[in-house]
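Participant: Structure file work_3.cif (mmCIF, C-alpha atoms) is given on the next line.
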```cif
data_entry
loop_
_atom_site.label_atom_id
_atom_site.label_comp_id
_atom_site.auth_asym_id
_atom_site.auth_seq_id
_atom_site.Cartn_x
_atom_site.Cartn_y
_atom_site.Cartn_z
CA MET A 1 -7.00 2.77 1.81
CA LYS A 2 -6.75 2.50 -1.96
CA ASP A 3 -4.50 -0.50 -2.40
CA PRO A 4 -3.17 -2.80 0.36
CA LYS A 5 0.07 -3.23 -1.60
CA GLU A 6 0.79 0.49 -1.23
CA GLN A 7 0.64 0.55 2.56
CA LYS A 8 3.96 1.53 4.06
CA ILE A 9 6.01 1.05 7.18
CA VAL A 10 7.76 4.42 7.40
CA VAL A 11 11.17 4.84 9.01
CA LEU A 12 12.05 8.40 9.98
CA THR A 13 15.73 8.72 9.06
CA GLU A 14 18.33 11.19 10.26
CA LEU A 15 21.12 9.99 7.93
CA ILE A 16 23.43 9.09 10.81
CA ASP A 17 25.28 5.86 11.54
CA SER A 18 23.35 5.07 14.72
CA GLU A 19 20.02 4.72 12.88
CA LYS A 20 20.97 1.37 11.34
CA ASN A 21 19.11 -0.48 14.08
CA ILE A 22 15.89 1.46 13.48
CA ILE A 23 16.02 0.70 9.76
CA LEU A 24 16.52 -2.99 10.57
CA HIS A 25 13.43 -2.85 12.78
CA GLY A 26 11.56 -1.30 9.87
CA ILE A 27 12.71 -4.13 7.59
CA LYS A 28 11.55 -6.65 10.19
CA LEU A 29 8.09 -5.10 10.51
CA ALA A 30 7.67 -4.63 6.77
CA GLY A 31 8.36 -8.34 6.43
CA ILE A 32 5.94 -9.30 9.22
CA PHE A 33 3.07 -7.29 7.80
CA GLN A 34 4.02 -7.70 4.12
CA LYS A 35 4.15 -3.96 3.56
CA GLU A 36 6.45 -1.63 1.68
CA LEU A 37 9.36 -0.15 3.60
CA CYS A 38 9.60 3.62 3.17
CA LEU A 39 12.75 5.50 4.19
CA PHE A 40 11.54 9.00 5.03
CA TYR A 41 13.50 12.18 5.61
CA ASN A 42 11.90 15.34 6.98
CA PHE A 43 13.66 17.96 4.86
CA LYS A 44 14.26 21.43 6.31
CA LYS A 45 15.06 24.19 3.88
CA GLY A 46 18.24 26.04 4.74
CA LYS A 47 19.43 23.22 7.00
CA SER A 48 19.63 20.29 4.58
CA ASN A 49 21.01 19.72 1.10
CA TYR A 50 18.30 18.04 -0.95
CA LEU A 51 20.67 16.31 -3.37
CA HIS A 52 22.77 14.98 -0.49
CA VAL A 53 19.66 13.63 1.27
CA ASP A 54 18.35 12.02 -1.92
CA GLU A 55 21.72 10.44 -2.62
CA ALA A 56 22.02 9.10 0.94
CA LEU A 57 18.52 7.58 0.92
CA SER A 58 19.18 6.04 -2.49
CA GLY A 59 22.32 4.49 -1.03
CA TYR A 60 20.35 2.97 1.84
CA LYS A 61 17.78 1.68 -0.62
CA ALA A 62 20.40 0.07 -2.85
CA ILE A 63 22.03 -1.75 0.07
CA ILE A 64 18.71 -3.10 1.35
CA ARG A 65 17.53 -4.09 -2.12
CA LYS A 66 20.79 -5.98 -2.71
CA ASP A 67 20.43 -7.94 0.55
CA ILE A 68 16.63 -8.36 0.44
CA PRO A 69 15.61 -8.15 -3.23
CA ASN A 70 11.98 -9.17 -2.62
CA LEU A 71 11.26 -6.39 -0.12
CA PRO A 72 9.29 -3.49 -1.63
CA ILE A 73 11.14 -0.32 -0.69
CA SER A 74 10.82 3.38 -1.45
CA THR A 75 12.25 6.69 -0.31
CA LEU A 76 10.41 9.88 0.54
CA ILE A 77 11.57 13.45 1.22
CA LEU A 78 9.03 15.98 2.46
CA ASP A 79 9.57 19.57 3.51
CA GLY A 80 7.79 21.09 6.51
CA LYS A 81 7.01 20.47 10.15
CA LEU A 82 6.25 16.83 10.86
CA ASP A 83 3.08 17.60 12.82
CA LYS A 84 1.78 19.15 9.58
CA LEU A 85 2.95 16.18 7.51
CA VAL A 86 1.55 13.21 9.44
CA ASP A 87 -1.83 13.42 7.72
CA ARG A 88 -0.09 13.52 4.33
CA LEU A 89 1.92 10.44 5.23
CA ALA A 90 -1.30 8.57 5.94
CA ASP A 91 -3.58 10.04 3.29
CA ASP A 92 -1.23 10.56 0.35
CA TYR A 93 1.48 7.97 0.95
CA GLU A 94 -0.50 5.13 2.63
CA ALA A 95 1.65 5.07 5.78
CA VAL A 96 0.30 2.78 8.52
CA LEU A 97 3.14 3.05 11.03
CA VAL A 98 6.05 5.43 11.67
CA LEU A 99 9.28 4.25 13.30
CA ALA A 100 11.46 6.81 15.03
CA PRO A 101 14.26 6.89 17.62
CA GLY A 102 13.03 7.24 21.18
CA SER A 103 15.51 10.07 21.71
CA LEU A 104 13.44 12.22 19.33
CA TYR A 105 10.17 11.88 21.24
CA GLU A 106 10.17 15.44 22.59
CA LYS A 107 10.62 16.82 19.08
CA LEU A 108 7.96 14.50 17.69
CA ALA A 109 5.43 14.71 20.55
CA LYS A 110 3.22 17.22 18.76
CA ALA A 111 3.18 15.08 15.63
CA VAL A 112 2.27 12.00 17.68
CA ARG A 113 -0.67 13.87 19.21
CA LYS A 114 -1.96 14.80 15.74
CA SER A 115 -1.31 11.51 14.00
CA SER A 116 -3.88 9.04 12.69
CA ILE A 117 -1.19 6.35 12.54
CA PRO A 118 0.85 4.98 15.45
CA PHE A 119 4.44 5.94 16.19
CA LEU A 120 6.82 3.18 17.22
CA PHE A 121 9.82 4.45 19.18
CA ILE A 122 13.03 2.42 19.07
CA ASP A 123 16.15 2.72 21.22
CA LYS A 124 18.81 3.44 18.61
CA LYS A 125 21.57 2.54 21.08
CA SER A 126 20.44 -1.09 21.14
CA ASP A 127 21.83 -3.36 18.42
CA THR A 128 19.38 -6.18 19.15
CA ILE A 129 16.78 -6.88 16.47
CA LEU A 130 13.69 -8.22 18.16
CA ASN A 131 11.20 -10.72 16.77
CA TYR A 132 8.13 -9.05 18.32
CA LYS A 133 6.95 -12.42 19.59
CA LYS A 134 5.66 -11.12 22.92
CA VAL A 135 3.60 -7.94 23.10
CA THR A 136 2.39 -6.24 26.29
CA ALA A 137 -0.35 -3.63 26.54
CA PRO A 138 -2.27 -1.84 29.32
CA ILE A 139 -6.06 -1.58 29.07
CA ASP A 140 -7.83 1.28 30.84
CA LEU A 141 -11.31 2.82 30.79
CA ARG A 142 -11.03 4.64 27.45
CA LYS A 143 -13.07 3.37 24.51
CA GLU A 144 -10.10 4.03 22.24
CA ASN A 145 -8.48 0.90 23.68
CA SER A 146 -10.12 -0.77 20.68
CA ASP A 147 -7.16 0.55 18.65
CA VAL A 148 -4.72 -1.06 21.07
CA SER A 149 -6.65 -4.31 20.75
CA LEU A 150 -6.54 -4.06 16.97
CA TRP A 151 -2.77 -3.61 16.83
CA CYS A 152 -2.28 -6.45 19.33
CA SER A 153 -4.39 -8.63 17.03
CA TYR A 154 -2.24 -7.64 14.04
CA PHE A 155 0.90 -8.91 15.75
CA GLY A 156 -0.94 -12.02 16.86
CA ARG A 157 -2.36 -12.75 13.41
CA PHE A 158 0.64 -11.95 11.23
CA ASN A 159 3.49 -12.80 13.61
CA ARG A 160 1.90 -15.34 15.96
CA SER A 161 2.89 -13.10 18.86
CA GLU A 162 1.69 -13.77 22.38
CA ILE A 163 -0.29 -10.86 23.80
CA VAL A 164 0.05 -9.97 27.49
CA VAL A 165 -2.55 -7.54 28.86
CA ALA A 166 -2.64 -5.65 32.17
CA VAL A 167 -6.16 -4.48 33.05
CA ALA A 168 -6.77 -1.37 35.14
CA LYS A 169 -8.50 -1.68 38.51
CA ASP A 170 -10.82 1.29 38.98
CA LYS A 171 -13.31 1.86 41.79
CA GLU A 172 -16.10 3.78 40.07
CA LYS A 173 -18.85 1.50 38.76
CA SER A 174 -19.11 3.27 35.41
CA ASN A 175 -15.37 2.91 34.91
CA ILE A 176 -15.49 -0.76 35.85
CA ARG A 177 -18.24 -1.38 33.31
CA GLN A 178 -16.27 0.30 30.53
CA ILE A 179 -13.02 -1.49 31.41
CA THR A 180 -14.88 -4.81 31.47
CA LYS A 181 -16.35 -4.04 28.06
CA ASN A 182 -12.92 -3.09 26.71
CA ILE A 183 -11.24 -6.28 27.86
CA LEU A 184 -14.11 -8.52 26.72
CA ASN A 185 -13.98 -6.97 23.26
CA MET A 186 -10.23 -7.45 23.15
CA LYS A 187 -10.50 -11.05 24.31
CA LYS A 188 -13.16 -11.72 21.68
CA LEU A 189 -10.95 -10.26 18.93
CA LEU A 190 -7.89 -12.25 19.98
CA GLU A 191 -9.87 -15.46 20.27
CA LYS A 192 -11.39 -14.88 16.83
CA PHE A 193 -7.91 -15.05 15.29
CA GLN A 194 -6.68 -17.69 17.75
CA VAL A 195 -4.05 -15.37 19.15
CA PRO A 196 -2.35 -16.68 22.33
CA HIS A 197 -2.86 -14.25 25.18
CA LYS A 198 -2.62 -13.75 28.93
CA ILE A 199 -4.69 -11.27 30.92
CA TYR A 200 -3.47 -9.89 34.24
CA LYS A 201 -5.77 -8.11 36.66
CA GLY A 202 -3.78 -5.04 37.55
CA THR A 203 -3.63 -3.30 40.91
CA LYS A 204 -3.42 0.24 39.48
CA ASN A 205 -6.21 2.44 38.18
CA SER A 206 -6.61 3.79 34.66
CA PHE A 207 -4.23 6.67 35.35
CA ALA A 208 -1.35 4.42 36.40
CA ILE A 209 -1.90 1.02 34.76
CA GLN A 210 0.62 1.80 32.02
CA TYR A 211 3.45 1.84 34.57
CA GLU A 212 2.37 -1.49 36.06
CA ALA A 213 2.08 -2.93 32.57
CA LEU A 214 5.58 -1.71 31.74
CA GLY A 215 6.90 -3.55 34.78
CA ILE A 216 5.16 -6.71 33.59
CA ALA A 217 6.62 -6.23 30.10
CA LYS A 218 10.14 -6.00 31.45
CA LYS A 219 9.68 -8.96 33.78
CA ASN A 220 8.26 -11.12 30.99
CA GLN A 221 10.90 -9.95 28.50
CA SER A 222 8.35 -8.53 26.09
CA GLU A 223 9.56 -7.28 22.74
CA LEU A 224 6.94 -4.56 22.24
CA PHE A 225 4.84 -2.30 24.45
CA ILE A 226 1.64 -0.82 22.97
CA MET A 227 -0.16 2.03 24.73
CA LEU A 228 -2.62 4.84 24.13
CA GLY A 229 -1.23 8.33 24.25
CA SER A 230 -2.84 11.06 26.33
CA SER A 231 -6.45 11.94 25.57
CA PHE A 232 -6.12 15.42 27.08
CA VAL A 233 -3.00 17.55 27.40
CA THR A 234 -2.85 20.54 29.73
CA PRO A 235 0.03 22.96 30.35
CA VAL A 236 0.58 21.16 33.68
CA ASP A 237 0.84 17.82 31.86
CA LEU A 238 3.46 19.27 29.54
CA LEU A 239 5.37 20.64 32.52
CA LEU A 240 5.31 17.43 34.55
CA GLY A 241 5.58 15.07 31.61
CA LEU A 242 2.94 12.97 29.86
CA PRO A 243 2.54 9.27 30.78
CA GLU A 244 3.85 8.18 27.37
CA GLU A 245 6.93 10.34 27.86
CA LYS A 246 7.57 8.79 31.27
CA VAL A 247 7.13 5.29 29.83
CA LEU A 248 9.67 6.05 27.10
CA LYS A 249 12.17 7.22 29.71
CA LYS A 250 11.72 4.00 31.69
CA CYS A 251 11.42 1.48 28.85
CA GLY A 252 15.12 0.87 28.24
CA ASN A 253 15.54 -0.99 24.92
CA LEU A 254 11.88 -2.06 24.79
CA PRO A 255 10.15 -0.63 21.68
CA VAL A 256 7.08 1.44 22.55
CA MET A 257 4.16 1.99 20.19
CA ILE A 258 2.06 5.06 20.97
CA ILE A 259 -1.44 5.24 19.52
CA ASN A 260 -3.17 8.61 19.39
CA PRO A 261 -6.63 8.32 21.05
CA ARG A 262 -7.77 11.64 19.61
CA LYS A 263 -8.12 10.46 16.01
CA ASP A 264 -9.51 7.43 14.23
CA MET A 265 -6.68 5.10 13.32
CA TYR A 266 -6.01 3.84 9.82
CA ILE A 267 -6.41 0.08 9.61
CA LEU A 268 -3.88 -2.43 8.34
CA CYS A 269 -5.15 -4.12 5.17
CA ASP A 270 -4.69 -7.87 4.75
#
```
Transcribe the structure of this file into structure tokens.
Facilitator:
Amino acid sequence: MKDPKEQKIVVLTELIDSEKNIILHGIKLAGIFQKELCLFYNFKKGKSNYLHVDEALSGYKAIIRKDIPNLPISTLILDGKLDKLVDRLADDYEAVLVLAPGSLYEKLAKAVRKSSIPFLFIDKKSDTILNYKKVTAPIDLRKENSDVSLWCSYFGRFNRSEIVVAVAKDKEKSNIRQITKNILNMKKLLEKFQVPHKIYKGTKNSFAIQYEALGIAKKNQSELFIMLGSSFVTPVDLLLGLPEEKVLKKCGNLPVMIINPRKDMYILCD
């Protein structure tokens, strides 16, 4: 990243009344991580009026700037399919996180699977603004869990969040070794930054631990769920539904961050 001050928390807007809550979540996270808030609209030629979109985003920006004058804020309008734009958001506009309504997951799924930055899905029907003080995450056998650990550490470092982890219980020795390595690395990272954390030994294997972790998150009244997306996607998976899709359908008003395990993630600069 070129300049830490340029990193952005991006909110995907639809220019509808019900997105107020998602923008407020964006403001909250921009404040937590000391990043710029970017109100983003995915423009579609023939379906949107550019001047209307620009005017609407400018109106949002003016209201936020009036209420929170010290918050860096920008607007962005890009034309094209979002799965083709996610790399531009990261590379050209320094995006580190994209917020979107959970109801749009199916439309955004392809973009999520191509993204080098996490997507955070928010229930736009909920009017509760969370403090992100308790974060729950499943840990399975995949090496890419290091990205989950990293984002957990960000919330712990910058928000003093408590991290709750559910660890998969696999039977194969090679899987057990990798899971043990994953959780030890996570524990080491959290302890390095003195992040409060709890680790639960799960009863489910790596293919089902996310559902057990979601149950723990709900029981413990967590305010954020962080998970890896699918590493492999087959036509059968798309037909039956991916684990992240099933989690989003069951999460209620719990925000869910999905990290793409297929690409190296951009890091959050201090």
Participant: Rank nothing, just name the residue among A:Gly46, A:Gly241, A:Pro118, A:Gly80 nearest to Ile9 (chain A), using all atoms listed in the file.
Facilitator: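 Nearest to Ile9 (chain A): A:Pro118.
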Participant: Which residues are close to region 222-234 of chain A, i.e. within 9 Å by all atoms listed in the file, leaving aside same-chain residues fewer than 5 positions away? Reply as JSON, numbers by chain.
Facilitator: {"A": [112, 113, 120, 130, 131, 132, 133, 134, 135, 136, 137, 138, 139, 142, 144, 145, 147, 148, 151, 152, 164, 210, 213, 214, 216, 217, 239, 242, 243, 244, 251, 253, 254, 255, 256, 257, 258, 259, 260, 261, 262]}
Participant: Identify which of the residues A:Tyr60, A:Phe121, A:Tyr266, A:Phe43 lies closest to Leu248 (chain A), counting only C-alpha atoms when measuring atom-to-atom distances.
Facilitator: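 Between A:Tyr60, A:Phe121, A:Tyr266, A:Phe43, the residue approaching Leu248 (chain A) most closely is A:Phe121.
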Participant: For CA of Leu78 (chain A) and CA of Cys269 (chain A), quote the distance in Å rounded to one decimal.
Facilitator: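 Between CA of Leu78 (chain A) and CA of Cys269 (chain A) the gap is 24.7 Å.
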Participant: Evaluating the PyMOL selection byres ((chain A and resi 12) around 7) on the displayed file yields which residues, as a PyMOL selection string?
Facilitator: chain A and resi 10-11+13-14+39-41+98-100
Participant: Keeping only C-alpha atoms, take the residues you just selected and write them out as a PDB file, in the coordinates of the input.
Facilitator:
```pdb
ATOM      1  CA  VAL A  10       7.760   4.420   7.400  1.00  0.00           C
ATOM      2  CA  VAL A  11      11.170   4.840   9.010  1.00  0.00           C
ATOM      3  CA  THR A  13      15.730   8.720   9.060  1.00  0.00           C
ATOM      4  CA  GLU A  14      18.330  11.190  10.260  1.00  0.00           C
ATOM      5  CA  LEU A  39      12.750   5.500   4.190  1.00  0.00           C
ATOM      6  CA  PHE A  40      11.540   9.000   5.030  1.00  0.00           C
ATOM      7  CA  TYR A  41      13.500  12.180   5.610  1.00  0.00           C
ATOM      8  CA  VAL A  98       6.050   5.430  11.670  1.00  0.00           C
ATOM      9  CA  LEU A  99       9.280   4.250  13.300  1.00  0.00           C
ATOM     10  CA  ALA A 100      11.460   6.810  15.030  1.00  0.00           C
TER      11      ALA A 100
END
```
Participant: Which residues are near Leu71 (chain A)? Cut-off 8 Å, all atoms listed in the file, ignore same chain within fewer than 3 positions. Put them as a PyMOL selection string.
Facilitator: chain A and resi 30-31+36-37+65+68
Participant: How far is it from CA of Asp140 (chain A) to CA of Val167 (chain A), in Å with one decimal?
Facilitator: 6.4 Å
Participant: Could you state which residues are captured by the PyMOL selection byres ((chain A and resi 200) around 9) in this file, as a VMD selection string?
Facilitator: chain A and resid 164 to 167 198 to 199 201 to 202
Participant: Which is closer to Lys114 (chain A) than all the others in A:Asp17, A:Asp83, A:Glu212, A:Asp264, using only C-alpha atoms?
Facilitator: A:Asp83
Participant: If the PyMOL selection byres ((chain A and resi 128) around 10) is run on the structure shown, which residues does it catch, given as a list in words?
Facilitator: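 Those residues are Asn21, Leu24, His25, Asp123, Lys124, Lys125, Ser126, Asp127, Ile129, Leu130, Asn131 and Asn253 of chain A.
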Participant: Taking a cut-off of 7 Å and counting all atoms listed in the file, can you build a table that, for each residue of region 111-159 of chain A near region 171-194 of chain A, reports the nearest atom pair and how far apart they are in Å (one decimal), sorted by chain then residue number, as JSON lines?
Facilitator:
```
{"residue": "A:Asp140", "atom": "CA", "partner": "A:Ile179", "partner_atom": "CA", "distance": 5.9}
{"residue": "A:Leu141", "atom": "CA", "partner": "A:Ile179", "partner_atom": "CA", "distance": 4.7}
{"residue": "A:Lys143", "atom": "CA", "partner": "A:Asn182", "partner_atom": "CA", "distance": 6.8}
{"residue": "A:Asn145", "atom": "CA", "partner": "A:Asn182", "partner_atom": "CA", "distance": 6.7}
{"residue": "A:Ser149", "atom": "CA", "partner": "A:Met186", "partner_atom": "CA", "distance": 5.3}
{"residue": "A:Ser153", "atom": "CA", "partner": "A:Leu190", "partner_atom": "CA", "distance": 5.8}
{"residue": "A:Arg157", "atom": "CA", "partner": "A:Phe193", "partner_atom": "CA", "distance": 6.3}
```
Participant: What box, with edges along x, y and z, holds each listed atom of region 41-54 of chain A when 3 Å is added on every side, and can you state its centre and edge lengths in Å to one decimal, as lines of an AutoDock Vina configuration file?
Facilitator:
```
center_x = 17.3
center_y = 19.0
center_z = 1.8
size_x = 16.9
size_y = 20.0
size_z = 16.4
```
Participant: Quick check, in Å to one decimal: how far apart do CA of Arg160 (chain A) and CA of Phe33 (chain A) lie?
Facilitator: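 It comes out at 11.5 Å.
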Participant: Counting only C-alpha atoms, which residue out of A:Leu15, A:Ala95, A:Leu51, A:Leu238 sits closest to Ser74 (chain A)?
Facilitator: A:Ala95
Participant: Given only C-alpha atoms as the basis, pick out the residue of A:Val247, A:Val96, A:Leu82, A:Ile23 nearest to Leu57 (chain A).
Facilitator: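 Going through A:Val247, A:Val96, A:Leu82, A:Ile23 one by one, the smallest distance to Leu57 (chain A) is for A:Ile23.
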Participant: Enumerate, in order of chain and increasing residue number, the residues of region 94-184 of chain A with an atom no farther than 6 Å from region 205-209 of chain A, each with its shortest atom pair and distance in Å to one decimal, counting all atoms listed in the file, as CSV.
Facilitator:
```
residue,atom,partner,partner_atom,distance
A:Asp140,CA,A:Ser206,CA,4.7
A:Ala168,CA,A:Asn205,CA,4.9
A:Lys169,CA,A:Asn205,CA,4.7
A:Asp170,CA,A:Asn205,CA,4.8
```
Participant: Under the rule that only C-alpha atoms are counted, which of A:Gly156, A:Gly59, A:Gly252, A:Pro101 is the nearest residue to Gln221 (chain A)?
Facilitator: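 Using only C-alpha atoms, the shortest distance to Gln221 (chain A) belongs to A:Gly252.
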Participant: Model the absent atoms of region 158-188 of chain A so that N, CA and C atoms are present, and write the result as a PDB file, in the coordinates of the input.
Facilitator:
```
ATOM      1  N   PHE A 158      -0.388 -11.913  12.270  1.00  0.00           N
ATOM      2  CA  PHE A 158       0.640 -11.950  11.230  1.00  0.00           C
ATOM      3  C   PHE A 158       2.004 -12.416  11.741  1.00  0.00           C
ATOM      4  N   ASN A 159       2.181 -12.426  13.067  1.00  0.00           N
ATOM      5  CA  ASN A 159       3.490 -12.800  13.610  1.00  0.00           C
ATOM      6  C   ASN A 159       3.385 -13.901  14.657  1.00  0.00           C
ATOM      7  N   ARG A 160       2.159 -14.336  14.917  1.00  0.00           N
ATOM      8  CA  ARG A 160       1.900 -15.340  15.960  1.00  0.00           C
ATOM      9  C   ARG A 160       2.504 -14.905  17.294  1.00  0.00           C
ATOM     10  N   SER A 161       2.380 -13.650  17.600  1.00  0.00           N
ATOM     11  CA  SER A 161       2.890 -13.100  18.860  1.00  0.00           C
ATOM     12  C   SER A 161       1.942 -13.453  20.001  1.00  0.00           C
ATOM     13  N   GLU A 162       2.501 -13.615  21.184  1.00  0.00           N
ATOM     14  CA  GLU A 162       1.690 -13.770  22.380  1.00  0.00           C
ATOM     15  C   GLU A 162       1.379 -12.384  22.927  1.00  0.00           C
ATOM     16  N   ILE A 163       0.135 -12.155  23.296  1.00  0.00           N
ATOM     17  CA  ILE A 163      -0.290 -10.860  23.800  1.00  0.00           C
ATOM     18  C   ILE A 163      -0.484 -10.946  25.316  1.00  0.00           C
ATOM     19  N   VAL A 164       0.162 -10.045  26.030  1.00  0.00           N
ATOM     20  CA  VAL A 164       0.050  -9.970  27.490  1.00  0.00           C
ATOM     21  C   VAL A 164      -0.631  -8.655  27.834  1.00  0.00           C
ATOM     22  N   VAL A 165      -1.733  -8.728  28.584  1.00  0.00           N
ATOM     23  CA  VAL A 165      -2.550  -7.540  28.860  1.00  0.00           C
ATOM     24  C   VAL A 165      -2.636  -7.298  30.366  1.00  0.00           C
ATOM     25  N   ALA A 166      -2.446  -6.051  30.764  1.00  0.00           N
ATOM     26  CA  ALA A 166      -2.640  -5.650  32.170  1.00  0.00           C
ATOM     27  C   ALA A 166      -3.880  -4.761  32.217  1.00  0.00           C
ATOM     28  N   VAL A 167      -4.868  -5.168  33.019  1.00  0.00           N
ATOM     29  CA  VAL A 167      -6.160  -4.480  33.050  1.00  0.00           C
ATOM     30  C   VAL A 167      -6.253  -3.583  34.283  1.00  0.00           C
ATOM     31  N   ALA A 168      -6.658  -2.349  34.046  1.00  0.00           N
ATOM     32  CA  ALA A 168      -6.770  -1.370  35.140  1.00  0.00           C
ATOM     33  C   ALA A 168      -7.816  -1.789  36.169  1.00  0.00           C
ATOM     34  N   LYS A 169      -7.569  -1.403  37.415  1.00  0.00           N
ATOM     35  CA  LYS A 169      -8.500  -1.680  38.510  1.00  0.00           C
ATOM     36  C   LYS A 169      -9.030  -0.347  39.039  1.00  0.00           C
ATOM     37  N   ASP A 170     -10.188   0.050  38.534  1.00  0.00           N
ATOM     38  CA  ASP A 170     -10.820   1.290  38.980  1.00  0.00           C
ATOM     39  C   ASP A 170     -11.896   0.993  40.027  1.00  0.00           C
ATOM     40  N   LYS A 171     -12.310   2.031  40.733  1.00  0.00           N
ATOM     41  CA  LYS A 171     -13.310   1.860  41.790  1.00  0.00           C
ATOM     42  C   LYS A 171     -14.709   2.283  41.365  1.00  0.00           C
ATOM     43  N   GLU A 172     -14.796   3.291  40.496  1.00  0.00           N
ATOM     44  CA  GLU A 172     -16.100   3.780  40.070  1.00  0.00           C
ATOM     45  C   GLU A 172     -16.803   2.739  39.207  1.00  0.00           C
ATOM     46  N   LYS A 173     -18.103   2.535  39.462  1.00  0.00           N
ATOM     47  CA  LYS A 173     -18.850   1.500  38.760  1.00  0.00           C
ATOM     48  C   LYS A 173     -18.897   1.730  37.254  1.00  0.00           C
ATOM     49  N   SER A 174     -19.054   2.980  36.849  1.00  0.00           N
ATOM     50  CA  SER A 174     -19.110   3.270  35.410  1.00  0.00           C
ATOM     51  C   SER A 174     -17.779   2.950  34.740  1.00  0.00           C
ATOM     52  N   ASN A 175     -16.692   3.233  35.441  1.00  0.00           N
ATOM     53  CA  ASN A 175     -15.370   2.910  34.910  1.00  0.00           C
ATOM     54  C   ASN A 175     -15.181   1.404  34.802  1.00  0.00           C
ATOM     55  N   ILE A 176     -15.621   0.698  35.839  1.00  0.00           N
ATOM     56  CA  ILE A 176     -15.490  -0.760  35.850  1.00  0.00           C
ATOM     57  C   ILE A 176     -16.248  -1.381  34.687  1.00  0.00           C
ATOM     58  N   ARG A 177     -17.446  -0.857  34.427  1.00  0.00           N
ATOM     59  CA  ARG A 177     -18.240  -1.380  33.310  1.00  0.00           C
ATOM     60  C   ARG A 177     -17.534  -1.177  31.976  1.00  0.00           C
ATOM     61  N   GLN A 178     -16.944   0.026  31.799  1.00  0.00           N
ATOM     62  CA  GLN A 178     -16.270   0.300  30.530  1.00  0.00           C
ATOM     63  C   GLN A 178     -15.000  -0.524  30.384  1.00  0.00           C
ATOM     64  N   ILE A 179     -14.238  -0.671  31.458  1.00  0.00           N
ATOM     65  CA  ILE A 179     -13.020  -1.490  31.410  1.00  0.00           C
ATOM     66  C   ILE A 179     -13.379  -2.934  31.088  1.00  0.00           C
ATOM     67  N   THR A 180     -14.435  -3.443  31.731  1.00  0.00           N
ATOM     68  CA  THR A 180     -14.880  -4.810  31.470  1.00  0.00           C
ATOM     69  C   THR A 180     -15.271  -4.982  30.008  1.00  0.00           C
ATOM     70  N   LYS A 181     -15.972  -3.997  29.469  1.00  0.00           N
ATOM     71  CA  LYS A 181     -16.350  -4.040  28.060  1.00  0.00           C
ATOM     72  C   LYS A 181     -15.122  -4.030  27.161  1.00  0.00           C
ATOM     73  N   ASN A 182     -14.147  -3.183  27.508  1.00  0.00           N
ATOM     74  CA  ASN A 182     -12.920  -3.090  26.710  1.00  0.00           C
ATOM     75  C   ASN A 182     -12.180  -4.419  26.660  1.00  0.00           C
ATOM     76  N   ILE A 183     -12.032  -5.046  27.813  1.00  0.00           N
ATOM     77  CA  ILE A 183     -11.240  -6.280  27.860  1.00  0.00           C
ATOM     78  C   ILE A 183     -11.998  -7.446  27.225  1.00  0.00           C
ATOM     79  N   LEU A 184     -13.323  -7.462  27.363  1.00  0.00           N
ATOM     80  CA  LEU A 184     -14.110  -8.520  26.720  1.00  0.00           C
ATOM     81  C   LEU A 184     -14.044  -8.403  25.201  1.00  0.00           C
ATOM     82  N   ASN A 185     -14.100  -7.176  24.711  1.00  0.00           N
ATOM     83  CA  ASN A 185     -13.980  -6.970  23.260  1.00  0.00           C
ATOM     84  C   ASN A 185     -12.608  -7.378  22.758  1.00  0.00           C
ATOM     85  N   MET A 186     -11.576  -7.066  23.544  1.00  0.00           N
ATOM     86  CA  MET A 186     -10.230  -7.450  23.150  1.00  0.00           C
ATOM     87  C   MET A 186     -10.078  -8.972  23.151  1.00  0.00           C
ATOM     88  N   LYS A 187     -10.574  -9.588  24.194  1.00  0.00           N
ATOM     89  CA  LYS A 187     -10.500 -11.050  24.310  1.00  0.00           C
ATOM     90  C   LYS A 187     -11.228 -11.722  23.141  1.00  0.00           C
ATOM     91  N   LYS A 188     -12.384 -11.178  22.792  1.00  0.00           N
ATOM     92  CA  LYS A 188     -13.160 -11.720  21.680  1.00  0.00           C
ATOM     93  C   LYS A 188     -12.384 -11.613  20.369  1.00  0.00           C
TER      94      LYS A 188
END
```
